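Take a look at the structure set out below.
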Number of protein chains: 2
Amino acid sequence: MADDASSIEVLNSSAQGQLKSVIHRIERLEREKADLSADLKAVYAEAKGNGFDAKTLRKVVRLRRQDKAKRQEEDAILDLYLSALGGL
Amino acid sequence: MADDASSIEVLNSSAQGQLKSVIHRIERLEREKADLSADLKAVYAEAKGNGFDAKTLRKVVRLRRQDKAKRQEEDAILDLYLSALGGL
């Protein structure tokens with residue numbers, strides 16, 4: 001199948017079916033992502049309507065994400081060191 | 001509420017609750033978006049494993065999206081003209 005799919009000549013009907021399935025799956029996922037982006041926009045707009053500053057909200061979300069990533073990284077290093085010592 | 005929420009002094013407990021709710025909703029939507037991005041990556045990886053070229057798949061998706069947007073725009077203009085004429 002790999003050779004058939006990448007052939008520059010023609011795709012056989014199995015590869016054609018595969019291609020259609022792949023494209024439709026990608027398009028569905030992209031649509032769902034676009035829907036979530038629209039939902040996010042609506043949440044920010046609603047928050048703005050309640051007097052919150054959207055730019056600061058975005059900053060809060062970014063800081064919390066960075067903080068979480070940093071904590072996860074520190075935990076991973078801690079686990080590494082502890083396991084190297086054979087536990088606590 | 002609007003004045004309380006944007007106050008630089010302090011957020012009252014109602015505004016605090018609102019803020020927490022907003023941040024959690026944003027974080028949930030962002031997580032779902034990240035999950036979809038991971039799913040998309042997996043679809044492309046699987047397709048690549050079946051011999052499809054990922055770059056060309058991305059191009060196909062883009063072309064289909066542009067084509068669809070163009071068709072929708074043309075339909076909207078057609079509807080505008082037809083309604084201006086009072087129908088067909």
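Here's how to read the names in the structure tokens: chain A, B, ... by the order shown, residue numbers from 1 in each chain, ligand numbers from 1 in the order shown.
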Give the superposed chain A as a short mmCIF file (atom, residue, chain, number, x, y, z; two decimals) with N, CA, C and O atoms, in the first residue's frame, the fit being least squares on chain B over all ordered C-alpha pairs.
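After the write, part.cif holds the following:
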data_model
loop_
_atom_site.label_atom_id
_atom_site.label_comp_id
_atom_site.auth_asym_id
_atom_site.auth_seq_id
_atom_site.Cartn_x
_atom_site.Cartn_y
_atom_site.Cartn_z
N MET A 1 -21.36 45.02 38.72
CA MET A 1 -20.31 44.00 38.62
C MET A 1 -19.18 44.45 37.72
O MET A 1 -18.01 44.29 38.03
N ALA A 2 -19.54 45.14 36.61
CA ALA A 2 -18.52 45.58 35.67
C ALA A 2 -17.47 46.45 36.35
O ALA A 2 -16.27 46.24 36.18
N ASP A 3 -17.94 47.39 37.17
CA ASP A 3 -17.01 48.28 37.85
C ASP A 3 -16.15 47.53 38.85
O ASP A 3 -14.96 47.76 38.97
N ASP A 4 -16.79 46.59 39.57
CA ASP A 4 -16.04 45.83 40.56
C ASP A 4 -14.95 45.00 39.89
O ASP A 4 -13.82 44.95 40.35
N ALA A 5 -15.32 44.35 38.78
CA ALA A 5 -14.38 43.43 38.14
C ALA A 5 -13.15 44.14 37.61
O ALA A 5 -12.05 43.60 37.65
N SER A 6 -13.35 45.36 37.12
CA SER A 6 -12.22 46.04 36.51
C SER A 6 -11.49 46.94 37.51
O SER A 6 -10.54 47.61 37.16
N SER A 7 -11.93 46.91 38.76
CA SER A 7 -11.28 47.73 39.78
C SER A 7 -9.83 47.31 39.94
O SER A 7 -9.50 46.13 39.95
N ILE A 8 -8.94 48.29 40.06
CA ILE A 8 -7.53 47.95 40.25
C ILE A 8 -7.24 47.74 41.73
O ILE A 8 -6.16 47.33 42.10
N GLU A 9 -8.23 48.02 42.59
CA GLU A 9 -8.00 47.89 44.03
C GLU A 9 -8.06 46.44 44.46
O GLU A 9 -7.08 45.85 44.86
N VAL A 10 -9.25 45.85 44.33
CA VAL A 10 -9.45 44.49 44.81
C VAL A 10 -10.70 43.95 44.13
O VAL A 10 -11.59 44.73 43.76
N LEU A 11 -10.77 42.64 43.92
CA LEU A 11 -11.98 42.04 43.36
C LEU A 11 -12.85 41.53 44.49
O LEU A 11 -12.34 40.83 45.38
N ASN A 12 -14.12 41.86 44.47
CA ASN A 12 -15.00 41.30 45.52
C ASN A 12 -15.20 39.81 45.26
O ASN A 12 -14.78 39.28 44.22
N SER A 13 -15.81 39.13 46.21
CA SER A 13 -15.84 37.66 46.12
C SER A 13 -16.66 37.19 44.92
O SER A 13 -16.36 36.15 44.33
N SER A 14 -17.67 37.96 44.52
CA SER A 14 -18.45 37.60 43.34
C SER A 14 -17.56 37.68 42.08
O SER A 14 -17.56 36.78 41.24
N ALA A 15 -16.79 38.77 41.98
CA ALA A 15 -15.90 38.94 40.83
C ALA A 15 -14.80 37.89 40.85
O ALA A 15 -14.38 37.40 39.81
N GLN A 16 -14.33 37.54 42.04
CA GLN A 16 -13.30 36.50 42.17
C GLN A 16 -13.83 35.17 41.62
O GLN A 16 -13.13 34.46 40.90
N GLY A 17 -15.06 34.85 41.99
CA GLY A 17 -15.69 33.62 41.51
C GLY A 17 -15.84 33.64 40.00
O GLY A 17 -15.56 32.64 39.32
N GLN A 18 -16.26 34.79 39.49
CA GLN A 18 -16.41 34.96 38.03
C GLN A 18 -15.08 34.74 37.33
O GLN A 18 -15.00 34.06 36.31
N LEU A 19 -14.03 35.34 37.90
CA LEU A 19 -12.70 35.25 37.30
C LEU A 19 -12.22 33.80 37.26
O LEU A 19 -11.74 33.31 36.22
N LYS A 20 -12.39 33.09 38.37
CA LYS A 20 -11.99 31.68 38.42
C LYS A 20 -12.73 30.88 37.35
O LYS A 20 -12.15 30.06 36.65
N SER A 21 -14.04 31.13 37.25
CA SER A 21 -14.86 30.41 36.27
C SER A 21 -14.37 30.69 34.85
O SER A 21 -14.24 29.77 34.03
N VAL A 22 -14.09 31.96 34.56
CA VAL A 22 -13.62 32.34 33.22
C VAL A 22 -12.30 31.65 32.90
O VAL A 22 -12.14 31.04 31.84
N ILE A 23 -11.36 31.72 33.84
CA ILE A 23 -10.03 31.13 33.61
C ILE A 23 -10.14 29.61 33.41
O ILE A 23 -9.51 29.04 32.51
N HIS A 24 -10.97 28.97 34.22
CA HIS A 24 -11.12 27.52 34.08
C HIS A 24 -11.77 27.14 32.76
O HIS A 24 -11.40 26.14 32.14
N ARG A 25 -12.75 27.92 32.32
CA ARG A 25 -13.38 27.65 31.03
C ARG A 25 -12.37 27.82 29.89
O ARG A 25 -12.30 26.99 28.98
N ILE A 26 -11.57 28.89 29.98
CA ILE A 26 -10.54 29.11 28.95
C ILE A 26 -9.55 27.96 28.94
O ILE A 26 -9.21 27.42 27.88
N GLU A 27 -9.12 27.54 30.13
CA GLU A 27 -8.11 26.47 30.20
C GLU A 27 -8.66 25.14 29.68
O GLU A 27 -7.94 24.37 29.06
N ARG A 28 -9.94 24.90 29.94
CA ARG A 28 -10.55 23.66 29.43
C ARG A 28 -10.60 23.68 27.90
O ARG A 28 -10.24 22.71 27.23
N LEU A 29 -11.04 24.81 27.34
CA LEU A 29 -11.12 24.93 25.88
C LEU A 29 -9.74 24.82 25.25
O LEU A 29 -9.56 24.18 24.20
N GLU A 30 -8.74 25.44 25.89
CA GLU A 30 -7.36 25.37 25.37
C GLU A 30 -6.85 23.92 25.40
O GLU A 30 -6.16 23.48 24.49
N ARG A 31 -7.22 23.20 26.47
CA ARG A 31 -6.81 21.80 26.57
C ARG A 31 -7.43 20.98 25.44
O ARG A 31 -6.78 20.15 24.82
N GLU A 32 -8.73 21.22 25.20
CA GLU A 32 -9.42 20.48 24.13
C GLU A 32 -8.80 20.80 22.78
O GLU A 32 -8.66 19.92 21.92
N LYS A 33 -8.42 22.07 22.58
CA LYS A 33 -7.76 22.44 21.32
C LYS A 33 -6.42 21.72 21.18
O LYS A 33 -6.08 21.24 20.10
N ALA A 34 -5.69 21.65 22.29
CA ALA A 34 -4.38 20.96 22.25
C ALA A 34 -4.58 19.48 21.94
O ALA A 34 -3.78 18.88 21.20
N ASP A 35 -5.64 18.89 22.50
CA ASP A 35 -5.93 17.47 22.22
C ASP A 35 -6.22 17.27 20.73
O ASP A 35 -5.74 16.31 20.12
N LEU A 36 -6.99 18.18 20.15
CA LEU A 36 -7.31 18.07 18.72
C LEU A 36 -6.05 18.24 17.87
O LEU A 36 -5.88 17.55 16.86
N SER A 37 -5.17 19.14 18.30
CA SER A 37 -3.91 19.32 17.57
C SER A 37 -3.10 18.03 17.60
O SER A 37 -2.48 17.65 16.59
N ALA A 38 -3.11 17.36 18.76
CA ALA A 38 -2.38 16.10 18.88
C ALA A 38 -3.02 15.03 17.99
O ALA A 38 -2.32 14.25 17.34
N ASP A 39 -4.37 15.03 17.94
CA ASP A 39 -5.08 14.08 17.07
C ASP A 39 -4.71 14.32 15.60
O ASP A 39 -4.48 13.37 14.85
N LEU A 40 -4.68 15.59 15.23
CA LEU A 40 -4.32 15.94 13.84
C LEU A 40 -2.92 15.44 13.51
O LEU A 40 -2.70 14.86 12.44
N LYS A 41 -2.01 15.68 14.44
CA LYS A 41 -0.63 15.24 14.24
C LYS A 41 -0.59 13.72 14.02
O LYS A 41 0.14 13.23 13.16
N ALA A 42 -1.41 13.01 14.82
CA ALA A 42 -1.44 11.55 14.72
C ALA A 42 -2.00 11.10 13.37
O ALA A 42 -1.51 10.13 12.78
N VAL A 43 -3.03 11.80 12.87
CA VAL A 43 -3.60 11.45 11.57
C VAL A 43 -2.56 11.65 10.47
O VAL A 43 -2.39 10.78 9.61
N TYR A 44 -1.85 12.78 10.52
CA TYR A 44 -0.81 13.03 9.51
C TYR A 44 0.29 11.96 9.60
O TYR A 44 0.78 11.49 8.58
N ALA A 45 0.68 11.61 10.84
CA ALA A 45 1.74 10.61 11.01
C ALA A 45 1.30 9.25 10.46
O ALA A 45 2.07 8.56 9.79
N GLU A 46 0.04 8.91 10.74
CA GLU A 46 -0.50 7.62 10.26
C GLU A 46 -0.54 7.62 8.73
O GLU A 46 -0.17 6.63 8.08
N ALA A 47 -0.99 8.75 8.16
CA ALA A 47 -1.07 8.85 6.70
C ALA A 47 0.32 8.73 6.08
O ALA A 47 0.50 8.07 5.06
N LYS A 48 1.29 9.38 6.73
CA LYS A 48 2.67 9.30 6.26
C LYS A 48 3.15 7.85 6.28
O LYS A 48 3.81 7.38 5.35
N GLY A 49 2.77 7.15 7.34
CA GLY A 49 3.12 5.74 7.47
C GLY A 49 2.50 4.89 6.38
O GLY A 49 3.01 3.82 6.04
N ASN A 50 1.39 5.37 5.81
CA ASN A 50 0.73 4.65 4.71
C ASN A 50 1.20 5.15 3.34
O ASN A 50 0.59 4.81 2.32
N GLY A 51 2.25 5.96 3.34
CA GLY A 51 2.86 6.36 2.08
C GLY A 51 2.38 7.68 1.51
O GLY A 51 2.76 8.06 0.40
N PHE A 52 1.51 8.40 2.26
CA PHE A 52 1.05 9.70 1.76
C PHE A 52 2.02 10.79 2.16
O PHE A 52 2.64 10.73 3.23
N ASP A 53 2.13 11.82 1.34
CA ASP A 53 3.03 12.93 1.62
C ASP A 53 2.28 13.99 2.43
O ASP A 53 1.29 14.57 1.96
N ALA A 54 2.76 14.23 3.66
CA ALA A 54 2.05 15.11 4.58
C ALA A 54 1.92 16.54 4.05
O ALA A 54 0.88 17.19 4.19
N LYS A 55 2.98 17.02 3.40
CA LYS A 55 2.96 18.39 2.88
C LYS A 55 1.86 18.54 1.82
O LYS A 55 1.15 19.55 1.79
N THR A 56 1.73 17.53 0.98
CA THR A 56 0.70 17.59 -0.06
C THR A 56 -0.69 17.47 0.55
O THR A 56 -1.64 18.13 0.09
N LEU A 57 -0.82 16.64 1.60
CA LEU A 57 -2.12 16.53 2.28
C LEU A 57 -2.53 17.89 2.83
O LEU A 57 -3.68 18.32 2.68
N ARG A 58 -1.57 18.61 3.45
CA ARG A 58 -1.87 19.94 4.00
C ARG A 58 -2.31 20.89 2.88
O ARG A 58 -3.19 21.73 3.06
N LYS A 59 -1.67 20.75 1.74
CA LYS A 59 -2.02 21.59 0.59
C LYS A 59 -3.44 21.28 0.10
O LYS A 59 -4.21 22.19 -0.20
N VAL A 60 -3.77 19.99 0.05
CA VAL A 60 -5.12 19.57 -0.37
C VAL A 60 -6.17 20.17 0.56
O VAL A 60 -7.18 20.74 0.11
N VAL A 61 -5.91 20.07 1.87
CA VAL A 61 -6.86 20.60 2.86
C VAL A 61 -7.03 22.11 2.67
O VAL A 61 -8.14 22.64 2.70
N ARG A 62 -5.90 22.79 2.44
CA ARG A 62 -5.94 24.26 2.27
C ARG A 62 -6.72 24.62 1.01
O ARG A 62 -7.57 25.51 1.03
N LEU A 63 -6.45 23.90 -0.10
CA LEU A 63 -7.13 24.20 -1.37
C LEU A 63 -8.62 23.96 -1.25
O LEU A 63 -9.43 24.76 -1.74
N ARG A 64 -9.01 22.85 -0.57
CA ARG A 64 -10.44 22.57 -0.41
C ARG A 64 -11.12 23.65 0.44
O ARG A 64 -12.26 24.02 0.19
N ARG A 65 -10.40 24.15 1.47
CA ARG A 65 -10.96 25.20 2.32
C ARG A 65 -11.16 26.49 1.52
O ARG A 65 -12.19 27.14 1.61
N GLN A 66 -10.13 26.85 0.74
CA GLN A 66 -10.22 28.07 -0.07
C GLN A 66 -11.35 27.95 -1.08
O GLN A 66 -12.12 28.89 -1.28
N ASP A 67 -11.44 26.78 -1.69
CA ASP A 67 -12.47 26.54 -2.70
C ASP A 67 -13.85 26.67 -2.08
O ASP A 67 -14.75 27.30 -2.65
N LYS A 68 -14.00 26.10 -0.86
CA LYS A 68 -15.29 26.15 -0.17
C LYS A 68 -15.64 27.60 0.18
O LYS A 68 -16.78 28.05 -0.01
N ALA A 69 -14.66 28.35 0.68
CA ALA A 69 -14.89 29.75 1.05
C ALA A 69 -15.29 30.56 -0.16
O ALA A 69 -16.18 31.42 -0.10
N LYS A 70 -14.62 30.26 -1.30
CA LYS A 70 -14.91 30.99 -2.53
C LYS A 70 -16.33 30.69 -3.00
O LYS A 70 -17.09 31.59 -3.38
N ARG A 71 -16.72 29.40 -2.94
CA ARG A 71 -18.07 29.02 -3.35
C ARG A 71 -19.12 29.67 -2.46
O ARG A 71 -20.14 30.15 -2.93
N GLN A 72 -18.83 29.72 -1.14
CA GLN A 72 -19.77 30.34 -0.21
C GLN A 72 -19.91 31.83 -0.50
O GLN A 72 -21.00 32.40 -0.44
N GLU A 73 -18.79 32.47 -0.84
CA GLU A 73 -18.81 33.90 -1.14
C GLU A 73 -19.62 34.14 -2.41
O GLU A 73 -20.45 35.06 -2.47
N GLU A 74 -19.39 33.29 -3.42
CA GLU A 74 -20.13 33.44 -4.68
C GLU A 74 -21.63 33.21 -4.47
O GLU A 74 -22.46 33.92 -5.04
N ASP A 75 -21.95 32.22 -3.62
CA ASP A 75 -23.35 31.96 -3.32
C ASP A 75 -24.00 33.15 -2.62
O ASP A 75 -25.15 33.50 -2.88
N ALA A 76 -23.24 33.77 -1.70
CA ALA A 76 -23.77 34.90 -0.95
C ALA A 76 -24.06 36.07 -1.89
O ALA A 76 -25.09 36.74 -1.76
N ILE A 77 -23.14 36.31 -2.83
CA ILE A 77 -23.34 37.41 -3.80
C ILE A 77 -24.53 37.10 -4.70
O ILE A 77 -25.36 37.97 -4.97
N LEU A 78 -24.62 35.83 -5.10
CA LEU A 78 -25.76 35.41 -5.93
C LEU A 78 -27.08 35.65 -5.20
O LEU A 78 -28.04 36.22 -5.75
N ASP A 79 -27.12 35.23 -3.91
CA ASP A 79 -28.33 35.44 -3.10
C ASP A 79 -28.67 36.92 -2.99
O ASP A 79 -29.84 37.32 -3.06
N LEU A 80 -27.62 37.73 -2.82
CA LEU A 80 -27.81 39.18 -2.70
C LEU A 80 -28.47 39.73 -3.95
O LEU A 80 -29.47 40.47 -3.88
N TYR A 81 -27.94 39.36 -5.11
CA TYR A 81 -28.46 39.86 -6.36
C TYR A 81 -29.90 39.37 -6.60
O TYR A 81 -30.76 40.14 -7.00
N LEU A 82 -30.09 38.06 -6.29
CA LEU A 82 -31.44 37.50 -6.49
C LEU A 82 -32.46 38.17 -5.59
O LEU A 82 -33.57 38.51 -6.03
N SER A 83 -32.07 38.42 -4.32
CA SER A 83 -33.03 39.03 -3.40
C SER A 83 -33.29 40.49 -3.80
O SER A 83 -34.39 41.01 -3.62
N ALA A 84 -32.24 41.14 -4.37
CA ALA A 84 -32.44 42.52 -4.84
C ALA A 84 -33.43 42.55 -6.00
O ALA A 84 -34.14 43.55 -6.19
N LEU A 85 -33.49 41.44 -6.74
CA LEU A 85 -34.43 41.36 -7.87
C LEU A 85 -35.78 40.81 -7.42
O LEU A 85 -36.69 40.66 -8.24
N GLY A 86 -35.91 40.51 -6.14
CA GLY A 86 -37.16 39.95 -5.61
C GLY A 86 -37.30 38.47 -5.93
O GLY A 86 -38.41 37.98 -6.12
N GLY A 87 -36.19 37.77 -6.03
CA GLY A 87 -36.22 36.32 -6.28
C GLY A 87 -35.87 36.00 -7.71
O GLY A 87 -35.57 36.89 -8.50
N LEU A 88 -35.94 34.72 -8.02
CA LEU A 88 -35.58 34.27 -9.38
C LEU A 88 -36.56 34.78 -10.42
O LEU A 88 -37.75 34.92 -10.14
#
Got a sec to tell me which of chain B DSSP assigns to alpha helix (DSSP H), as JSON, numbers by chain?
{"B": [2, 3, 4, 5, 13, 14, 15, 16, 17, 18, 19, 20, 21, 22, 23, 24, 25, 26, 27, 28, 29, 30, 31, 32, 33, 34, 35, 36, 37, 38, 39, 40, 41, 42, 43, 44, 45, 46, 47, 48, 49, 54, 55, 56, 57, 58, 59, 60, 61, 62, 63, 64, 65, 66, 67, 68, 69, 70, 71, 72, 73, 74, 75, 76, 77, 78, 79, 80, 81, 82, 83, 84]}
